[in-house]
Amino acid sequence: MTHSNKKINRLTATNEDTLGPYYPISLCDNDNMDMTKIRSGVVNEATGEKIIIKGCVKDKNGNHAHGCLLEFWQPNANGIYRIPETEADDKIDPWFTGYARHRTSDGNFKLITIKPGVDDEQKTPRAPCITLTIFSDGITRVVTQLFFDGDPHNDTDPLLQSIPKELRERLMLKALTRADDGTVIYNIEIKMAGENETPFFDDILS
Amino acid sequence: MSKYGRTLQIGPTDLTSEKRTPRQPLHLIPEEARASFVPFAPYNFNALPSEADMTRLAPGRPRADGEPIKITGRVTDQYGRPIRKSMIEVWNANKYGRYTHIEDFSGLRLDPNFLGIGRMITDDDGNYEFWTIRPGEYLAFPDISRWRPKHIHFSIRGGASRLITQMYFKDDPHNDTDPMRILMGDNFDANIGKEYEIEGDEFDCGYQFDIVIGGKNPTFFEDI
Ligand SMILES: [Fe+2]
């Protein structure tokens, strides 16, 4: 296939569709919302500052969006995403995948993880952030990224800086409280539609 | 400055869509940030061969009510390259339009021999196959008489390939009024299973449903 006819030969993508209300809950049985422990019953844990993120997903009317399937994705404490290309990288943490998935029955979620780091070797380093994908009834997949309020890297993050200032605030994880063991608890409210709508991104046309 | 991509459309007559569809246009992702939007889900799953036979609860158990059908297909990217060793999860209503899901409050008839949940892994060429019962249509919202046409839900996961979609049946009278189908427009054909004959009486017929995972996001290819 030559470069010039690549486009012509491309297959039409299958349409994404709504998750519907009946995604089998049992298919989530192996899902894990504690990124610091990828394997139970062993002493090994992810390296980095352990944090807790408590959030909720709300609809246009401010009601909790029940039955959403949430996917979280983030780099490790060194700022490296674990993908096939980086699997053998020195900066990969073997006890961290950066992936978590959860079906929320009531719209709330709690993620235990480590604070993502910054990869300074990148030409345009990304601020610490967590990618959130939402699958839900009534919509096709939507994606966004969550940032840490007050982090100095936010001022130069290419994604954050690409959206209007007043919208950046809506992507901020805010540290409000601590757990009994001192772990910082961050909060976020995701608003799917309407007033104070969370900014979402187009990962198909981008 | 902000650049905009698609504006998601609200499915007509779909109440949940009205409540959950973002109203603002989606923001384009700057090149430097694009790769960070492609999760790589670790493979931590396996499927038993019996999980691909949804027509019975377990090998040797009685067949569920309704017409057994076979669904076959191939999962590829837009260049036709196979998506190998991906987990396909499928779920569909029984013959009477009822899910076994704990939040299906329709009151429609349950079938003691039908679970409606299946799983399988694509082979080295991206192929998959499973057996199920032709699902019944059901009223999604009884208060506005909105029917869902017959359909089978699909989720593809593992690696970077993530797609949630549905396979529909040609000529279902409810297709034309289905909100998500209306949003798909002419592309709807891509989501219709192509019927083919199967000899013998084990299956009513087969359906070929090839799945193409789209988008410009990179797909990670691994040698497994
Ligand atoms: Fe359904």
# chains A, B, ... in the order shown; residues from 1 in each chain; ligands from 1
call {"tool": "residues_near_ligand", "arguments": {"ligand": "ligand 1", "cutoff": "8 Å", "atoms": "only C-alpha atoms and all ligand atoms", "output": "PyMOL selection string"}}
result
(chain A and resi 20-22) or (chain B and resi 91-93+148+151-153)
call {"tool": "interface_residues", "arguments": {"of": "chain A", "to": "chain B", "cutoff": "7 Å", "atoms": "only C-alpha atoms", "output": "short mmCIF file (atom, residue, chain, number, x, y, z; two decimals) with N, CA, C and O atoms, in the first residue's frame"}}
result
data_model
loop_
_atom_site.label_atom_id
_atom_site.label_comp_id
_atom_site.auth_asym_id
_atom_site.auth_seq_id
_atom_site.Cartn_x
_atom_site.Cartn_y
_atom_site.Cartn_z
N ARG A 10 -8.79 3.02 3.64
CA ARG A 10 -9.16 2.89 5.04
C ARG A 10 -10.58 2.35 5.19
O ARG A 10 -11.50 2.77 4.53
N LEU A 11 -10.74 1.42 6.12
CA LEU A 11 -12.06 0.87 6.39
C LEU A 11 -12.87 1.86 7.23
O LEU A 11 -12.31 2.63 8.00
N THR A 12 -14.17 1.81 7.04
CA THR A 12 -15.03 2.67 7.85
C THR A 12 -15.12 2.10 9.26
O THR A 12 -15.36 0.91 9.45
N ALA A 13 -14.91 2.96 10.22
CA ALA A 13 -14.94 2.50 11.61
C ALA A 13 -16.36 2.12 12.02
O ALA A 13 -17.33 2.75 11.59
N THR A 14 -16.45 1.11 12.84
CA THR A 14 -17.74 0.74 13.42
C THR A 14 -18.18 1.87 14.35
O THR A 14 -17.36 2.41 15.11
N ASN A 15 -19.44 2.25 14.29
CA ASN A 15 -19.93 3.31 15.17
C ASN A 15 -19.82 2.90 16.63
O ASN A 15 -20.18 1.79 16.99
N GLU A 16 -19.36 3.84 17.43
CA GLU A 16 -19.46 3.61 18.86
C GLU A 16 -20.93 3.78 19.23
O GLU A 16 -21.67 4.50 18.58
N ASP A 17 -21.33 3.10 20.27
CA ASP A 17 -22.73 3.16 20.68
C ASP A 17 -22.77 3.37 22.19
O ASP A 17 -21.75 3.29 22.86
N THR A 18 -23.95 3.63 22.69
CA THR A 18 -24.08 3.81 24.13
C THR A 18 -23.83 2.50 24.87
O THR A 18 -24.02 1.43 24.32
N LEU A 19 -23.38 2.62 26.10
CA LEU A 19 -23.17 1.44 26.94
C LEU A 19 -24.50 0.80 27.29
O LEU A 19 -24.59 -0.41 27.49
N TYR A 22 -27.45 -1.85 30.91
CA TYR A 22 -27.34 -3.23 31.38
C TYR A 22 -25.98 -3.87 31.16
O TYR A 22 -25.88 -5.07 30.94
N PRO A 24 -23.07 -5.94 31.96
CA PRO A 24 -23.05 -6.95 33.03
C PRO A 24 -22.09 -6.59 34.17
O PRO A 24 -20.89 -6.44 33.96
N ASP A 59 -25.25 14.39 36.31
CA ASP A 59 -25.89 14.70 35.02
C ASP A 59 -26.29 16.17 34.97
O ASP A 59 -25.99 16.94 35.89
N LYS A 60 -26.98 16.55 33.92
CA LYS A 60 -27.35 17.93 33.68
C LYS A 60 -28.18 18.51 34.82
O LYS A 60 -28.08 19.70 35.15
N ASN A 61 -28.98 17.68 35.45
CA ASN A 61 -29.83 18.16 36.54
C ASN A 61 -29.16 18.13 37.90
O ASN A 61 -29.79 18.41 38.91
N TRP A 73 -6.43 6.28 33.76
CA TRP A 73 -5.16 5.96 33.13
C TRP A 73 -4.17 7.06 33.47
O TRP A 73 -4.49 8.24 33.32
N ILE A 83 3.27 1.33 28.56
CA ILE A 83 2.73 0.84 27.29
C ILE A 83 3.77 -0.14 26.73
O ILE A 83 4.90 -0.20 27.24
N PRO A 84 3.43 -0.92 25.70
CA PRO A 84 4.41 -1.89 25.20
C PRO A 84 5.78 -1.27 24.90
O PRO A 84 6.81 -1.87 25.21
N TYR A 99 -3.54 1.71 35.17
CA TYR A 99 -4.88 1.50 34.62
C TYR A 99 -5.83 1.02 35.70
O TYR A 99 -5.49 0.14 36.50
N THR A 124 7.90 18.88 25.79
CA THR A 124 6.82 19.61 26.44
C THR A 124 6.28 18.74 27.57
O THR A 124 5.35 17.98 27.37
N THR A 131 -6.10 10.51 33.11
CA THR A 131 -7.08 10.46 32.03
C THR A 131 -8.32 9.69 32.51
O THR A 131 -8.20 8.62 33.10
N ASP A 137 -24.89 5.03 29.72
CA ASP A 137 -26.13 4.99 28.95
C ASP A 137 -26.38 6.39 28.38
O ASP A 137 -26.05 7.40 29.01
N GLY A 138 -26.94 6.47 27.20
CA GLY A 138 -27.34 7.75 26.62
C GLY A 138 -26.27 8.47 25.84
O GLY A 138 -26.56 9.41 25.11
N ILE A 139 -25.00 8.09 26.01
CA ILE A 139 -23.91 8.76 25.30
C ILE A 139 -22.92 7.73 24.77
O ILE A 139 -22.88 6.60 25.24
N PRO A 158 0.47 21.60 27.98
CA PRO A 158 -0.09 21.95 26.67
C PRO A 158 -1.59 21.73 26.56
O PRO A 158 -2.28 22.50 25.88
N LEU A 159 -2.12 20.74 27.25
CA LEU A 159 -3.56 20.50 27.16
C LEU A 159 -4.34 21.54 27.95
O LEU A 159 -5.28 22.15 27.45
N SER A 162 -4.47 24.83 26.48
CA SER A 162 -5.19 24.95 25.19
C SER A 162 -6.67 25.26 25.38
O SER A 162 -7.38 25.51 24.41
N ILE A 163 -7.15 25.21 26.62
CA ILE A 163 -8.57 25.52 26.83
C ILE A 163 -8.70 26.83 27.60
O ILE A 163 -7.77 27.24 28.30
N PRO A 164 -9.85 27.49 27.49
CA PRO A 164 -10.03 28.78 28.18
C PRO A 164 -9.79 28.65 29.69
O PRO A 164 -10.12 27.63 30.29
N MET A 192 -21.52 16.10 33.59
CA MET A 192 -21.57 15.63 32.21
C MET A 192 -22.18 16.64 31.24
O MET A 192 -21.86 16.65 30.06
N ALA A 193 -23.10 17.46 31.74
CA ALA A 193 -23.80 18.37 30.83
C ALA A 193 -24.32 19.57 31.61
O ALA A 193 -24.51 19.49 32.82
N GLY A 194 -24.56 20.66 30.89
CA GLY A 194 -25.22 21.82 31.47
C GLY A 194 -24.30 22.74 32.24
O GLY A 194 -23.11 22.83 31.96
N PHE A 200 -14.71 18.27 27.93
CA PHE A 200 -14.34 16.96 27.40
C PHE A 200 -13.55 17.16 26.11
O PHE A 200 -13.61 18.22 25.49
N PHE A 201 -12.81 16.13 25.72
CA PHE A 201 -11.89 16.25 24.59
C PHE A 201 -12.26 15.29 23.47
O PHE A 201 -12.90 14.26 23.71
N ASP A 202 -11.86 15.64 22.27
CA ASP A 202 -12.18 14.84 21.09
C ASP A 202 -10.97 14.01 20.70
O ASP A 202 -10.03 14.51 20.07
N ASP A 203 -10.96 12.74 21.08
CA ASP A 203 -9.78 11.92 20.78
C ASP A 203 -9.94 11.18 19.45
O ASP A 203 -9.12 10.35 19.11
N ILE A 204 -11.02 11.48 18.74
CA ILE A 204 -11.16 10.88 17.40
C ILE A 204 -10.68 11.87 16.34
O ILE A 204 -9.91 11.52 15.46
N LEU A 205 -11.11 13.11 16.45
CA LEU A 205 -10.71 14.11 15.44
C LEU A 205 -9.34 14.71 15.73
O LEU A 205 -8.73 15.32 14.86
N SER A 206 -8.86 14.59 16.95
CA SER A 206 -7.58 15.22 17.31
C SER A 206 -6.41 14.49 16.66
O SER A 206 -6.44 13.28 16.53
#
call {"tool": "atom_distance", "arguments": {"atom1": "CA of His174 in chain B", "atom2": "CA of Ala52 in chain B"}}
result
27.5 Å
call {"tool": "residues_around", "arguments": {"residues": "Lys95 in chain B", "least_positions_apart": "6", "cutoff": "7 Å", "atoms": "only C-alpha atoms", "output": "MDAnalysis selection string"}}
result
chainID B and resid 65:66 133:136
call {"tool": "residues_around", "arguments": {"residues": "range 94-97 of chain A", "least_positions_apart": "5", "cutoff": "8 Å", "atoms": "only C-alpha atoms", "output": "count of residues only"}}
result
11
call {"tool": "residues_around", "arguments": {"residues": "Leu108 in chain B", "least_positions_apart": "2", "cutoff": "8 Å", "atoms": "only C-alpha atoms", "output": "NGL selection string"}}
result
:B and (96-98 or 106 or 110)
call {"tool": "atom_distance", "arguments": {"atom1": "CA of Pro62 in chain B", "atom2": "CA of Tyr138 in chain B"}}
result
24.4 Å
call {"tool": "closest_residue", "arguments": {"among": "A:Phe135, A:Ile52, A:Gln145, A:Ser105", "to": "Asp34 in chain A", "atoms": "only C-alpha atoms"}}
result
A:Ile52
call {"tool": "atom_distance", "arguments": {"atom1": "CA of Ile83 in chain B", "atom2": "CA of Glu129 in chain B"}}
result
14.3 Å
call {"tool": "residues_around", "arguments": {"residues": "Thr104 in chain A", "least_positions_apart": "2", "cutoff": "8 Å", "atoms": "only C-alpha atoms", "output": "list in words"}}
result
His66, Gly67, Cys68, Leu69, Leu70, His102, Asp106, Gly107, Asn108 and Phe109 of chain A
call {"tool": "write_last_selection", "arguments": {"atoms": "N, CA and C atoms", "output": "tab-separated table (two decimals), in the first residue's frame"}}
result
chain	number	residue	atom	x	y	z
A	66	HIS	N	-25.83	7.30	37.66
A	66	HIS	CA	-25.61	5.92	38.08
A	66	HIS	C	-25.30	5.02	36.87
A	67	GLY	N	-24.60	3.93	37.17
A	67	GLY	CA	-24.35	2.92	36.13
A	67	GLY	C	-23.28	3.28	35.11
A	68	CYS	N	-22.45	4.29	35.38
A	68	CYS	CA	-21.38	4.62	34.43
A	68	CYS	C	-20.20	3.67	34.61
A	69	LEU	N	-19.51	3.45	33.53
A	69	LEU	CA	-18.29	2.65	33.57
A	69	LEU	C	-17.13	3.65	33.42
A	70	LEU	N	-16.24	3.68	34.40
A	70	LEU	CA	-15.17	4.67	34.42
A	70	LEU	C	-13.82	3.98	34.23
A	102	HIS	N	-13.83	0.88	36.78
A	102	HIS	CA	-14.83	0.75	37.83
A	102	HIS	C	-16.22	1.05	37.27
A	106	ASP	N	-23.77	4.22	41.86
A	106	ASP	CA	-24.47	5.43	42.33
A	106	ASP	C	-23.85	6.74	41.86
A	107	GLY	N	-22.86	6.67	40.96
A	107	GLY	CA	-22.24	7.89	40.46
A	107	GLY	C	-21.00	8.31	41.23
A	108	ASN	N	-20.74	7.69	42.38
A	108	ASN	CA	-19.54	8.02	43.16
A	108	ASN	C	-18.40	7.07	42.82
A	109	PHE	N	-17.18	7.53	43.00
A	109	PHE	CA	-16.05	6.63	42.85
A	109	PHE	C	-14.95	7.00	43.83
call {"tool": "residues_around", "arguments": {"residues": "Glu169 in chain A", "least_positions_apart": "6", "cutoff": "12 Å", "atoms": "only C-alpha atoms", "output": "list of chain:residue names"}}
result
A:Gln145, A:Leu146, A:Phe147, A:Phe148, A:Asp149, A:Gly150, A:Asn154, A:Leu160, A:Gln161, A:Ile163, A:Ile188, A:Glu189, A:Ile190, A:Asn196, A:Glu197, A:Thr198, A:Pro199
call {"tool": "write_last_selection", "arguments": {"atoms": "N, CA and C atoms", "output": "tab-separated table (two decimals), in the first residue's frame"}}
result
chain	number	residue	atom	x	y	z
A	145	GLN	N	-9.19	14.89	31.14
A	145	GLN	CA	-8.04	14.66	32.02
A	145	GLN	C	-8.18	15.51	33.26
A	146	LEU	N	-7.79	14.93	34.39
A	146	LEU	CA	-7.89	15.61	35.68
A	146	LEU	C	-6.50	16.02	36.15
A	147	PHE	N	-6.42	17.24	36.67
A	147	PHE	CA	-5.13	17.81	37.09
A	147	PHE	C	-5.15	18.11	38.58
A	148	PHE	N	-3.96	18.44	39.11
A	148	PHE	CA	-3.84	18.69	40.54
A	148	PHE	C	-3.79	20.19	40.79
A	149	ASP	N	-4.77	20.66	41.54
A	149	ASP	CA	-4.89	22.09	41.80
A	149	ASP	C	-3.61	22.63	42.44
A	150	GLY	N	-3.10	23.71	41.88
A	150	GLY	CA	-1.92	24.37	42.45
A	150	GLY	C	-0.59	23.78	42.00
A	154	ASN	N	1.06	22.93	35.93
A	154	ASN	CA	-0.19	23.24	35.21
A	154	ASN	C	-0.02	24.45	34.30
A	160	LEU	N	-3.90	21.74	29.18
A	160	LEU	CA	-4.58	22.69	30.06
A	160	LEU	C	-4.55	24.10	29.46
A	161	GLN	N	-3.39	24.44	28.91
A	161	GLN	CA	-3.25	25.78	28.36
A	161	GLN	C	-4.03	25.96	27.05
A	163	ILE	N	-7.15	25.21	26.62
A	163	ILE	CA	-8.57	25.52	26.83
A	163	ILE	C	-8.70	26.83	27.60
A	188	ILE	N	-13.24	15.70	43.32
A	188	ILE	CA	-13.61	16.26	42.01
A	188	ILE	C	-15.07	15.92	41.73
A	189	GLU	N	-15.74	16.87	41.08
A	189	GLU	CA	-17.10	16.59	40.62
A	189	GLU	C	-17.10	16.71	39.10
A	190	ILE	N	-17.51	15.63	38.44
A	190	ILE	CA	-17.61	15.64	36.98
A	190	ILE	C	-19.05	15.96	36.62
A	196	ASN	N	-21.76	24.49	34.56
A	196	ASN	CA	-20.47	24.00	35.07
A	196	ASN	C	-20.02	22.68	34.43
A	197	GLU	N	-20.43	22.51	33.17
A	197	GLU	CA	-20.08	21.28	32.46
A	197	GLU	C	-18.57	21.07	32.42
A	198	THR	N	-18.15	19.86	32.69
A	198	THR	CA	-16.73	19.49	32.61
A	198	THR	C	-16.28	19.57	31.15
A	199	PRO	N	-15.13	20.16	30.88
A	199	PRO	CA	-14.64	20.13	29.50
A	199	PRO	C	-14.24	18.71	29.10
call {"tool": "select_by_dssp", "arguments": {"residues": "chain B", "states": "helix (DSSP H, G or I)", "output": "PyMOL selection string"}}
result
chain B and resi 15-20+31-37+49-52+142-144+175-177+179-191
call {"tool": "closest_residue", "arguments": {"among": "B:Gly185, B:Pro59, B:Pro49, B:Pro173", "to": "Met120 in chain B", "atoms": "only C-alpha atoms"}}
result
B:Pro49
call {"tool": "select_by_dssp", "arguments": {"residues": "chain A", "states": "strand (DSSP E)", "output": "VMD selection string"}}
result
chain A and resid 50 to 58 68 to 73 99 to 104 108 to 114 129 to 135 142 to 148 172 to 178 184 to 191 201 to 202
